[in-house]
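The structure file work-v3.pdb is reproduced below (PDB, N, CA and C atoms and all ligand atoms).
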```
ATOM      1  N   MET A 131     -36.991 -32.753  30.201
ATOM      2  CA  MET A 131     -35.637 -32.161  30.111
ATOM      3  C   MET A 131     -34.948 -32.492  28.778
ATOM      4  N   LEU A 132     -35.133 -33.732  28.294
ATOM      5  CA  LEU A 132     -34.568 -34.113  26.997
ATOM      6  C   LEU A 132     -35.152 -33.238  25.891
ATOM      7  N   LYS A 133     -36.467 -33.053  25.969
ATOM      8  CA  LYS A 133     -37.165 -32.256  24.938
ATOM      9  C   LYS A 133     -36.754 -30.796  25.001
ATOM     10  N   LYS A 134     -36.689 -30.274  26.220
ATOM     11  CA  LYS A 134     -36.309 -28.873  26.395
ATOM     12  C   LYS A 134     -34.902 -28.640  25.834
ATOM     13  N   THR A 135     -34.014 -29.577  26.139
ATOM     14  CA  THR A 135     -32.640 -29.479  25.643
ATOM     15  C   THR A 135     -32.623 -29.538  24.122
ATOM     16  N   GLN A 136     -33.475 -30.415  23.550
ATOM     17  CA  GLN A 136     -33.535 -30.534  22.094
ATOM     18  C   GLN A 136     -34.036 -29.237  21.457
ATOM     19  N   VAL A 137     -34.996 -28.599  22.102
ATOM     20  CA  VAL A 137     -35.529 -27.327  21.584
ATOM     21  C   VAL A 137     -34.408 -26.295  21.497
ATOM     22  N   VAL A 138     -33.630 -26.187  22.577
ATOM     23  CA  VAL A 138     -32.525 -25.222  22.624
ATOM     24  C   VAL A 138     -31.463 -25.580  21.574
ATOM     25  N   PHE A 139     -31.102 -26.872  21.522
ATOM     26  CA  PHE A 139     -30.072 -27.316  20.585
ATOM     27  C   PHE A 139     -30.525 -27.102  19.133
ATOM     28  N   ASN A 140     -31.774 -27.459  18.843
ATOM     29  CA  ASN A 140     -32.287 -27.311  17.483
ATOM     30  C   ASN A 140     -32.320 -25.846  17.046
ATOM     31  N   ARG A 141     -32.631 -24.970  17.995
ATOM     32  CA  ARG A 141     -32.643 -23.543  17.675
ATOM     33  C   ARG A 141     -31.214 -23.084  17.303
ATOM     34  N   TYR A 142     -30.244 -23.596  18.053
ATOM     35  CA  TYR A 142     -28.849 -23.279  17.728
ATOM     36  C   TYR A 142     -28.518 -23.732  16.299
ATOM     37  N   ILE A 143     -28.931 -24.944  15.944
ATOM     38  CA  ILE A 143     -28.662 -25.471  14.597
ATOM     39  C   ILE A 143     -29.339 -24.617  13.524
ATOM     40  N   ARG A 144     -30.590 -24.231  13.768
ATOM     41  CA  ARG A 144     -31.296 -23.399  12.777
ATOM     42  C   ARG A 144     -30.597 -22.063  12.600
ATOM     43  N   ASN A 145     -30.089 -21.500  13.684
ATOM     44  CA  ASN A 145     -29.338 -20.237  13.580
ATOM     45  C   ASN A 145     -28.014 -20.446  12.861
ATOM     46  N   ARG A 146     -27.303 -21.523  13.239
ATOM     47  CA  ARG A 146     -26.005 -21.811  12.625
ATOM     48  C   ARG A 146     -26.133 -21.965  11.110
ATOM     49  N   ASP A 147     -27.178 -22.669  10.685
ATOM     50  CA  ASP A 147     -27.340 -23.014   9.274
ATOM     51  C   ASP A 147     -28.278 -22.066   8.526
ATOM     52  N   GLU A 148     -28.617 -20.963   9.143
ATOM     53  CA  GLU A 148     -29.570 -20.038   8.533
ATOM     54  C   GLU A 148     -29.150 -19.671   7.114
ATOM     55  N   GLY A 149     -30.108 -19.768   6.194
ATOM     56  CA  GLY A 149     -29.822 -19.405   4.803
ATOM     57  C   GLY A 149     -29.343 -20.566   3.949
ATOM     58  N   LEU A 150     -29.002 -21.691   4.582
ATOM     59  CA  LEU A 150     -28.558 -22.857   3.810
ATOM     60  C   LEU A 150     -29.769 -23.616   3.269
ATOM     61  N   GLN A 151     -29.519 -24.337   2.180
ATOM     62  CA  GLN A 151     -30.548 -25.213   1.636
ATOM     63  C   GLN A 151     -30.612 -26.492   2.475
ATOM     64  N   CYS A 152     -31.671 -27.245   2.295
ATOM     65  CA  CYS A 152     -31.857 -28.524   2.982
ATOM     66  C   CYS A 152     -30.648 -29.443   2.735
ATOM     67  N   ILE A 153     -30.119 -30.034   3.795
ATOM     68  CA  ILE A 153     -28.926 -30.899   3.692
ATOM     69  C   ILE A 153     -29.180 -32.097   2.766
ATOM     70  N   SER A 154     -30.421 -32.550   2.702
ATOM     71  CA  SER A 154     -30.722 -33.766   1.927
ATOM     72  C   SER A 154     -31.038 -33.488   0.460
ATOM     73  N   CYS A 155     -32.058 -32.672   0.199
ATOM     74  CA  CYS A 155     -32.451 -32.484  -1.202
ATOM     75  C   CYS A 155     -31.695 -31.332  -1.851
ATOM     76  N   GLY A 156     -31.213 -30.404  -1.030
ATOM     77  CA  GLY A 156     -30.448 -29.285  -1.579
ATOM     78  C   GLY A 156     -31.270 -28.321  -2.402
ATOM     79  N   SER A 157     -32.560 -28.591  -2.545
ATOM     80  CA  SER A 157     -33.358 -27.720  -3.413
ATOM     81  C   SER A 157     -34.368 -26.880  -2.657
ATOM     82  N   ASN A 158     -34.727 -27.293  -1.464
ATOM     83  CA  ASN A 158     -35.662 -26.486  -0.672
ATOM     84  C   ASN A 158     -34.898 -25.750   0.422
ATOM     85  N   ALA A 159     -35.414 -24.590   0.780
ATOM     86  CA  ALA A 159     -34.836 -23.890   1.922
ATOM     87  C   ALA A 159     -35.100 -24.738   3.163
ATOM     88  N   GLY A 160     -34.106 -24.844   4.003
ATOM     89  CA  GLY A 160     -34.288 -25.623   5.228
ATOM     90  C   GLY A 160     -34.902 -24.775   6.321
ATOM     91  N   ASN A 161     -35.754 -25.385   7.119
ATOM     92  CA  ASN A 161     -36.289 -24.650   8.261
ATOM     93  C   ASN A 161     -36.467 -25.533   9.496
ATOM     94  N   GLN A 162     -35.926 -26.747   9.423
ATOM     95  CA  GLN A 162     -36.012 -27.637  10.581
ATOM     96  C   GLN A 162     -34.631 -28.216  10.875
ATOM     97  N   ALA A 163     -34.391 -28.522  12.141
ATOM     98  CA  ALA A 163     -33.146 -29.192  12.510
ATOM     99  C   ALA A 163     -33.385 -30.691  12.395
ATOM    100  N   GLY A 164     -32.744 -31.310  11.402
ATOM    101  CA  GLY A 164     -32.988 -32.731  11.146
ATOM    102  C   GLY A 164     -31.774 -33.581  11.499
ATOM    103  N   HIS A 165     -32.037 -34.743  12.081
ATOM    104  CA  HIS A 165     -30.954 -35.638  12.486
ATOM    105  C   HIS A 165     -30.565 -36.597  11.368
ATOM    106  N   TYR A 166     -29.266 -36.843  11.217
ATOM    107  CA  TYR A 166     -28.787 -37.887  10.291
ATOM    108  C   TYR A 166     -29.064 -39.245  10.940
ATOM    109  N   PHE A 167     -28.475 -39.502  12.089
ATOM    110  CA  PHE A 167     -28.874 -40.674  12.879
ATOM    111  C   PHE A 167     -30.026 -40.237  13.763
ATOM    112  N   PRO A 168     -31.186 -40.845  13.586
ATOM    113  CA  PRO A 168     -32.381 -40.363  14.290
ATOM    114  C   PRO A 168     -32.274 -40.499  15.806
ATOM    115  N   VAL A 169     -32.998 -39.617  16.488
ATOM    116  CA  VAL A 169     -33.013 -39.637  17.959
ATOM    117  C   VAL A 169     -33.419 -41.021  18.455
ATOM    118  N   LYS A 170     -34.444 -41.557  17.796
ATOM    119  CA  LYS A 170     -34.912 -42.889  18.181
ATOM    120  C   LYS A 170     -33.890 -43.931  17.714
ATOM    121  N   GLY A 171     -33.221 -44.554  18.640
ATOM    122  CA  GLY A 171     -32.226 -45.564  18.289
ATOM    123  C   GLY A 171     -30.792 -45.053  18.387
ATOM    124  N   PHE A 172     -30.630 -43.718  18.333
ATOM    125  CA  PHE A 172     -29.273 -43.145  18.418
ATOM    126  C   PHE A 172     -29.271 -41.964  19.392
ATOM    127  N   SER A 173     -29.716 -42.229  20.582
ATOM    128  CA  SER A 173     -29.858 -41.131  21.545
ATOM    129  C   SER A 173     -28.525 -40.482  21.906
ATOM    130  N   ALA A 174     -27.428 -41.215  21.710
ATOM    131  CA  ALA A 174     -26.114 -40.643  22.030
ATOM    132  C   ALA A 174     -25.770 -39.473  21.111
ATOM    133  N   LEU A 175     -26.393 -39.435  19.933
ATOM    134  CA  LEU A 175     -26.048 -38.399  18.949
ATOM    135  C   LEU A 175     -27.113 -37.324  18.804
ATOM    136  N   ARG A 176     -28.040 -37.285  19.759
ATOM    137  CA  ARG A 176     -29.144 -36.344  19.566
ATOM    138  C   ARG A 176     -28.722 -34.886  19.680
ATOM    139  N   TYR A 177     -27.599 -34.632  20.354
ATOM    140  CA  TYR A 177     -27.109 -33.250  20.471
ATOM    141  C   TYR A 177     -25.728 -33.105  19.842
ATOM    142  N   ASP A 178     -25.480 -33.861  18.796
ATOM    143  CA  ASP A 178     -24.181 -33.800  18.130
ATOM    144  C   ASP A 178     -24.240 -32.788  16.977
ATOM    145  N   GLU A 179     -23.299 -31.881  16.946
ATOM    146  CA  GLU A 179     -23.348 -30.800  15.954
ATOM    147  C   GLU A 179     -23.225 -31.292  14.514
ATOM    148  N   TRP A 180     -22.498 -32.382  14.306
ATOM    149  CA  TRP A 180     -22.394 -32.925  12.952
ATOM    150  C   TRP A 180     -23.649 -33.701  12.567
ATOM    151  N   ASN A 181     -24.297 -34.250  13.569
ATOM    152  CA  ASN A 181     -25.437 -35.129  13.297
ATOM    153  C   ASN A 181     -26.739 -34.368  13.025
ATOM    154  N   VAL A 182     -26.738 -33.082  13.301
ATOM    155  CA  VAL A 182     -27.976 -32.314  13.156
ATOM    156  C   VAL A 182     -27.728 -31.121  12.233
ATOM    157  N   ASN A 183     -28.532 -31.050  11.192
ATOM    158  CA  ASN A 183     -28.371 -30.010  10.174
ATOM    159  C   ASN A 183     -29.729 -29.542   9.672
ATOM    160  N   LEU A 184     -29.674 -28.398   8.991
ATOM    161  CA  LEU A 184     -30.916 -27.815   8.501
ATOM    162  C   LEU A 184     -31.523 -28.667   7.383
ATOM    163  N   GLN A 185     -32.810 -28.921   7.539
ATOM    164  CA  GLN A 185     -33.528 -29.734   6.559
ATOM    165  C   GLN A 185     -34.861 -29.087   6.226
ATOM    166  N   CYS A 186     -35.417 -29.459   5.087
ATOM    167  CA  CYS A 186     -36.773 -28.998   4.787
ATOM    168  C   CYS A 186     -37.762 -29.983   5.420
ATOM    169  N   ALA A 187     -38.980 -29.518   5.598
ATOM    170  CA  ALA A 187     -39.996 -30.362   6.243
ATOM    171  C   ALA A 187     -40.271 -31.611   5.413
ATOM    172  N   GLY A 188     -40.205 -31.463   4.091
ATOM    173  CA  GLY A 188     -40.469 -32.608   3.219
ATOM    174  C   GLY A 188     -39.517 -33.755   3.499
ATOM    175  N   CYS A 189     -38.230 -33.439   3.610
ATOM    176  CA  CYS A 189     -37.234 -34.488   3.866
ATOM    177  C   CYS A 189     -37.299 -34.960   5.319
ATOM    178  N   ASN A 190     -37.422 -34.029   6.229
ATOM    179  CA  ASN A 190     -37.380 -34.387   7.653
ATOM    180  C   ASN A 190     -38.588 -35.208   8.074
ATOM    181  N   LEU A 191     -39.765 -34.767   7.663
ATOM    182  CA  LEU A 191     -40.978 -35.428   8.150
ATOM    183  C   LEU A 191     -41.497 -36.473   7.177
ATOM    184  N   PHE A 192     -41.645 -36.089   5.915
ATOM    185  CA  PHE A 192     -42.340 -36.986   4.990
ATOM    186  C   PHE A 192     -41.414 -38.062   4.423
ATOM    187  N   LEU A 193     -40.140 -37.757   4.335
ATOM    188  CA  LEU A 193     -39.194 -38.782   3.850
ATOM    189  C   LEU A 193     -38.390 -39.371   5.013
ATOM    190  N   HIS A 194     -38.830 -39.080   6.233
ATOM    191  CA  HIS A 194     -38.196 -39.620   7.438
ATOM    192  C   HIS A 194     -36.685 -39.369   7.491
ATOM    193  N   GLY A 195     -36.317 -38.164   7.098
ATOM    194  CA  GLY A 195     -34.900 -37.800   7.175
ATOM    195  C   GLY A 195     -34.182 -37.883   5.835
ATOM    196  N   ASN A 196     -34.803 -38.567   4.864
ATOM    197  CA  ASN A 196     -34.189 -38.699   3.529
ATOM    198  C   ASN A 196     -32.704 -39.034   3.673
ATOM    199  N   GLN A 197     -32.442 -40.141   4.341
ATOM    200  CA  GLN A 197     -31.108 -40.410   4.877
ATOM    201  C   GLN A 197     -29.999 -40.631   3.854
ATOM    202  N   ALA A 198     -30.318 -41.320   2.785
ATOM    203  CA  ALA A 198     -29.276 -41.570   1.782
ATOM    204  C   ALA A 198     -28.795 -40.248   1.196
ATOM    205  N   MET A 199     -29.749 -39.355   0.911
ATOM    206  CA  MET A 199     -29.392 -38.051   0.361
ATOM    207  C   MET A 199     -28.768 -37.162   1.427
ATOM    208  N   TYR A 200     -29.179 -37.381   2.663
ATOM    209  CA  TYR A 200     -28.600 -36.637   3.796
ATOM    210  C   TYR A 200     -27.098 -36.892   3.826
ATOM    211  N   ARG A 201     -26.703 -38.160   3.644
ATOM    212  CA  ARG A 201     -25.279 -38.495   3.705
ATOM    213  C   ARG A 201     -24.489 -37.760   2.627
ATOM    214  N   ILE A 202     -25.062 -37.709   1.429
ATOM    215  CA  ILE A 202     -24.377 -37.010   0.337
ATOM    216  C   ILE A 202     -24.194 -35.530   0.685
ATOM    217  N   GLY A 203     -25.253 -34.926   1.196
ATOM    218  CA  GLY A 203     -25.180 -33.516   1.585
ATOM    219  C   GLY A 203     -24.192 -33.289   2.716
ATOM    220  N   LEU A 204     -24.158 -34.240   3.644
ATOM    221  CA  LEU A 204     -23.270 -34.108   4.801
ATOM    222  C   LEU A 204     -21.803 -34.244   4.385
ATOM    223  N   VAL A 205     -21.532 -35.148   3.458
ATOM    224  CA  VAL A 205     -20.161 -35.285   2.940
ATOM    225  C   VAL A 205     -19.740 -33.973   2.271
ATOM    226  N   ASN A 206     -20.646 -33.371   1.512
ATOM    227  CA  ASN A 206     -20.327 -32.085   0.877
ATOM    228  C   ASN A 206     -20.065 -30.994   1.905
ATOM    229  N   LYS A 207     -20.776 -31.070   3.012
ATOM    230  CA  LYS A 207     -20.673 -30.004   4.011
ATOM    231  C   LYS A 207     -19.461 -30.159   4.934
ATOM    232  N   ILE A 208     -19.254 -31.357   5.467
ATOM    233  CA  ILE A 208     -18.203 -31.514   6.489
ATOM    234  C   ILE A 208     -17.078 -32.459   6.057
ATOM    235  N   GLY A 209     -17.246 -33.091   4.899
ATOM    236  CA  GLY A 209     -16.195 -33.976   4.381
ATOM    237  C   GLY A 209     -16.402 -35.434   4.780
ATOM    238  N   GLU A 210     -15.907 -36.318   3.921
ATOM    239  CA  GLU A 210     -16.063 -37.768   4.117
ATOM    240  C   GLU A 210     -15.457 -38.235   5.451
ATOM    241  N   LYS A 211     -14.311 -37.660   5.804
ATOM    242  CA  LYS A 211     -13.614 -38.091   7.014
ATOM    243  C   LYS A 211     -14.475 -37.837   8.260
ATOM    244  N   ALA A 212     -15.064 -36.667   8.332
ATOM    245  CA  ALA A 212     -15.904 -36.320   9.489
ATOM    246  C   ALA A 212     -17.166 -37.181   9.523
ATOM    247  N   VAL A 213     -17.723 -37.466   8.346
ATOM    248  CA  VAL A 213     -18.920 -38.314   8.297
ATOM    249  C   VAL A 213     -18.580 -39.725   8.787
ATOM    250  N   LYS A 214     -17.448 -40.223   8.346
ATOM    251  CA  LYS A 214     -16.997 -41.553   8.792
ATOM    252  C   LYS A 214     -16.794 -41.581  10.306
ATOM    253  N   GLU A 215     -16.252 -40.490  10.825
ATOM    254  CA  GLU A 215     -16.031 -40.378  12.266
ATOM    255  C   GLU A 215     -17.369 -40.431  13.015
ATOM    256  N   LEU A 216     -18.327 -39.688  12.497
ATOM    257  CA  LEU A 216     -19.669 -39.671  13.078
ATOM    258  C   LEU A 216     -20.291 -41.072  13.031
ATOM    259  N   GLU A 217     -20.116 -41.750  11.909
ATOM    260  CA  GLU A 217     -20.666 -43.100  11.764
ATOM    261  C   GLU A 217     -19.969 -44.075  12.707
ATOM    262  N   GLY A 218     -18.686 -43.820  12.927
ATOM    263  CA  GLY A 218     -17.940 -44.642  13.889
ATOM    264  C   GLY A 218     -18.495 -44.497  15.301
ATOM    265  N   ILE A 219     -18.812 -43.272  15.661
ATOM    266  CA  ILE A 219     -19.392 -43.018  16.982
ATOM    267  C   ILE A 219     -20.751 -43.722  17.089
ATOM    268  N   ALA A 220     -21.531 -43.623  16.003
ATOM    269  CA  ALA A 220     -22.875 -44.226  16.008
ATOM    270  C   ALA A 220     -22.802 -45.742  16.195
ATOM    271  N   ILE A 221     -21.804 -46.363  15.597
ATOM    272  CA  ILE A 221     -21.658 -47.815  15.698
ATOM    273  C   ILE A 221     -21.246 -48.206  17.114
ATOM    274  N   LYS A 222     -20.312 -47.416  17.659
ATOM    275  CA  LYS A 222     -19.775 -47.752  18.976
ATOM    276  C   LYS A 222     -20.745 -47.459  20.105
ATOM    277  N   ASN A 223     -21.374 -46.290  20.003
ATOM    278  CA  ASN A 223     -22.286 -46.006  21.094
ATOM    279  C   ASN A 223     -23.549 -45.279  20.673
ATOM    280  N   ARG A 224     -24.535 -46.116  20.481
ATOM    281  CA  ARG A 224     -25.809 -45.638  19.946
ATOM    282  C   ARG A 224     -26.681 -45.008  21.011
ATOM    283  N   VAL A 225     -26.726 -45.647  22.144
ATOM    284  CA  VAL A 225     -27.712 -45.245  23.142
ATOM    285  C   VAL A 225     -27.017 -44.638  24.348
ATOM    286  N   LYS A 226     -27.551 -43.531  24.795
ATOM    287  CA  LYS A 226     -26.970 -42.868  25.956
ATOM    288  C   LYS A 226     -28.091 -42.375  26.855
ATOM    289  N   LYS A 227     -27.886 -42.606  28.123
ATOM    290  CA  LYS A 227     -28.839 -42.071  29.080
ATOM    291  C   LYS A 227     -28.255 -40.759  29.592
ATOM    292  N   TRP A 228     -28.858 -39.659  29.211
ATOM    293  CA  TRP A 228     -28.344 -38.339  29.552
ATOM    294  C   TRP A 228     -28.691 -37.992  30.990
ATOM    295  N   SER A 229     -27.709 -37.511  31.714
ATOM    296  CA  SER A 229     -27.993 -37.086  33.081
ATOM    297  C   SER A 229     -28.506 -35.641  33.065
ATOM    298  N   ILE A 230     -29.201 -35.280  34.123
ATOM    299  CA  ILE A 230     -29.721 -33.914  34.235
ATOM    300  C   ILE A 230     -28.570 -32.906  34.147
ATOM    301  N   GLU A 231     -27.465 -33.249  34.781
ATOM    302  CA  GLU A 231     -26.306 -32.343  34.755
ATOM    303  C   GLU A 231     -25.782 -32.135  33.331
ATOM    304  N   GLU A 232     -25.703 -33.225  32.580
ATOM    305  CA  GLU A 232     -25.246 -33.119  31.191
ATOM    306  C   GLU A 232     -26.199 -32.254  30.359
ATOM    307  N   LEU A 233     -27.494 -32.468  30.580
ATOM    308  CA  LEU A 233     -28.487 -31.704  29.817
ATOM    309  C   LEU A 233     -28.401 -30.222  30.167
ATOM    310  N   LYS A 234     -28.217 -29.957  31.436
ATOM    311  CA  LYS A 234     -28.062 -28.554  31.856
ATOM    312  C   LYS A 234     -26.853 -27.928  31.183
ATOM    313  N   GLY A 235     -25.778 -28.713  31.081
ATOM    314  CA  GLY A 235     -24.565 -28.230  30.430
ATOM    315  C   GLY A 235     -24.798 -27.910  28.959
ATOM    316  N   ILE A 236     -25.582 -28.760  28.290
ATOM    317  CA  ILE A 236     -25.883 -28.534  26.869
ATOM    318  C   ILE A 236     -26.732 -27.286  26.712
ATOM    319  N   ILE A 237     -27.714 -27.131  27.560
ATOM    320  CA  ILE A 237     -28.565 -25.924  27.491
ATOM    321  C   ILE A 237     -27.708 -24.679  27.691
ATOM    322  N   LYS A 238     -26.815 -24.754  28.657
ATOM    323  CA  LYS A 238     -25.956 -23.605  28.947
ATOM    324  C   LYS A 238     -25.063 -23.266  27.745
ATOM    325  N   LYS A 239     -24.572 -24.307  27.096
ATOM    326  CA  LYS A 239     -23.674 -24.107  25.952
ATOM    327  C   LYS A 239     -24.393 -23.529  24.730
ATOM    328  N   TYR A 240     -25.617 -24.011  24.495
ATOM    329  CA  TYR A 240     -26.279 -23.666  23.230
ATOM    330  C   TYR A 240     -27.382 -22.627  23.337
ATOM    331  N   ASP A 241     -27.761 -22.262  24.530
ATOM    332  CA  ASP A 241     -28.837 -21.283  24.691
ATOM    333  C   ASP A 241     -28.253 -19.877  24.585
ATOM    334  N   ILE A 242     -28.004 -19.444  23.350
ATOM    335  CA  ILE A 242     -27.364 -18.131  23.177
ATOM    336  C   ILE A 242     -28.229 -17.186  22.358
TER     337      ILE A 242
HETATM  338 ZN    ZN A 301     -35.201 -31.459   1.656
END
```
Do you think you could lay out the structure here as structure tokens?
Amino acid sequence: MLKKTQVVFNRYIRNRDEGLQCISCGSNAGNQAGHYFPVKGFSALRYDEWNVNLQCAGCNLFLHGNQAMYRIGLVNKIGEKAVKELEGIAIKNRVKKWSIEELKGIIKKYDI
């Protein structure tokens, strides 16, 4: 269920960001939904709209998110204040056990 929800959510992100360059390197076309705070260790943010943005495979897979550059790209996209807010959430609540009901709600919201 977590994976299925991620598939639906990631598809929403790819559609939302269609045509944008990779959030991290800014030089390659993005084609993957990449997390700023990774799913592993930050499960509370796995379906957060600010935390997931279009990335190229090079940054997402081979550079493991290319996180330092991701932050720069994210500040350009949503502003320093929103990034700080996201980081605040990450500090306060990293791990979340998602209920089936919550996951169903996310699928319903993003499966468009
Ligand atoms: Zn990239």
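When you apply the PyMOL selection byres (((not hetatm)) within 7 of (chain A and resi 301)) to this structure, what comes back is Gln151, Cys152, Ile153, Ser154, Cys155, Gly156, Ser157, Asn158, Ala159, Gly160, Gln185, Cys186, Ala187, Gly188, Cys189 and Asn190 of chain A.
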I need the residues of range 157-229 of chain A that end up classed as helix (DSSP H, G or I) by DSSP on the backbone, written out as a PyMOL selection string. chain A and resi 173-175+187-192+197-208+210-222
Pick out the closest residue to Leu175 in chain A from this set: A:Ser229, A:Ile237, A:Lys134, A:Leu216. Count only C-alpha atoms.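 Checking each candidate against Leu175 in chain A, we get A:Leu216 as the closest.
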Contacts of Tyr177 in chain A within 8 Å, all atoms listed in the file, excl. fewer than 3 positions in-chain, as a ChimeraX atom specification: /A:135-136,139-140,169,172-174,180-182
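For the pair atom N of Glu148 in chain A and atom C of Lys214 in chain A, the separation is 23.8 Å.
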Could you state the separation of CA of Val205 in chain A and CA of Val138 in chain A in Å, given to one decimal place?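 Separating CA of Val205 in chain A from CA of Val138 in chain A is a distance of 25.3 Å.
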For a test of reading the model, state the distance in Å between CA of Lys222 in chain A and CA of Leu184 in chain A, rounded to one decimal.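 CA of Leu184 in chain A lies 25.1 Å from CA of Lys222 in chain A.
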Considering only C-alpha atoms, can you say which of A:Glu232, A:Ala212, A:Met199, A:Val225 comes closest to Pro168 in chain A? A:Val225
Where does DSSP see strand (DSSP E or B) in chain A, if you list the residues as an MDAnalysis selection string? chainID A and resid 151 159 162:165 182:185
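Evaluated against the shown file, the PyMOL selection byres (((chain A and resi 241) around 8) and not hetatm) gives Val138, Phe139, Arg141, Tyr142, Gly235, Ile236, Ile237, Lys238, Lys239, Tyr240 and Ile242 of chain A.
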Using all atoms listed in the file, which of A:Arg146, A:Leu132, A:Gln162, A:Gly171 sits nearest Asn223 in chain A?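 Among A:Arg146, A:Leu132, A:Gln162, A:Gly171, it is A:Gly171 that comes nearest to Asn223 in chain A.
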Compare A:Arg144, A:His165, A:Lys133, A:Arg176 by their minimum atom-to-atom distance to Arg224 in chain A, counting only N, CA and C atoms, and give me the closest one. A:Arg176
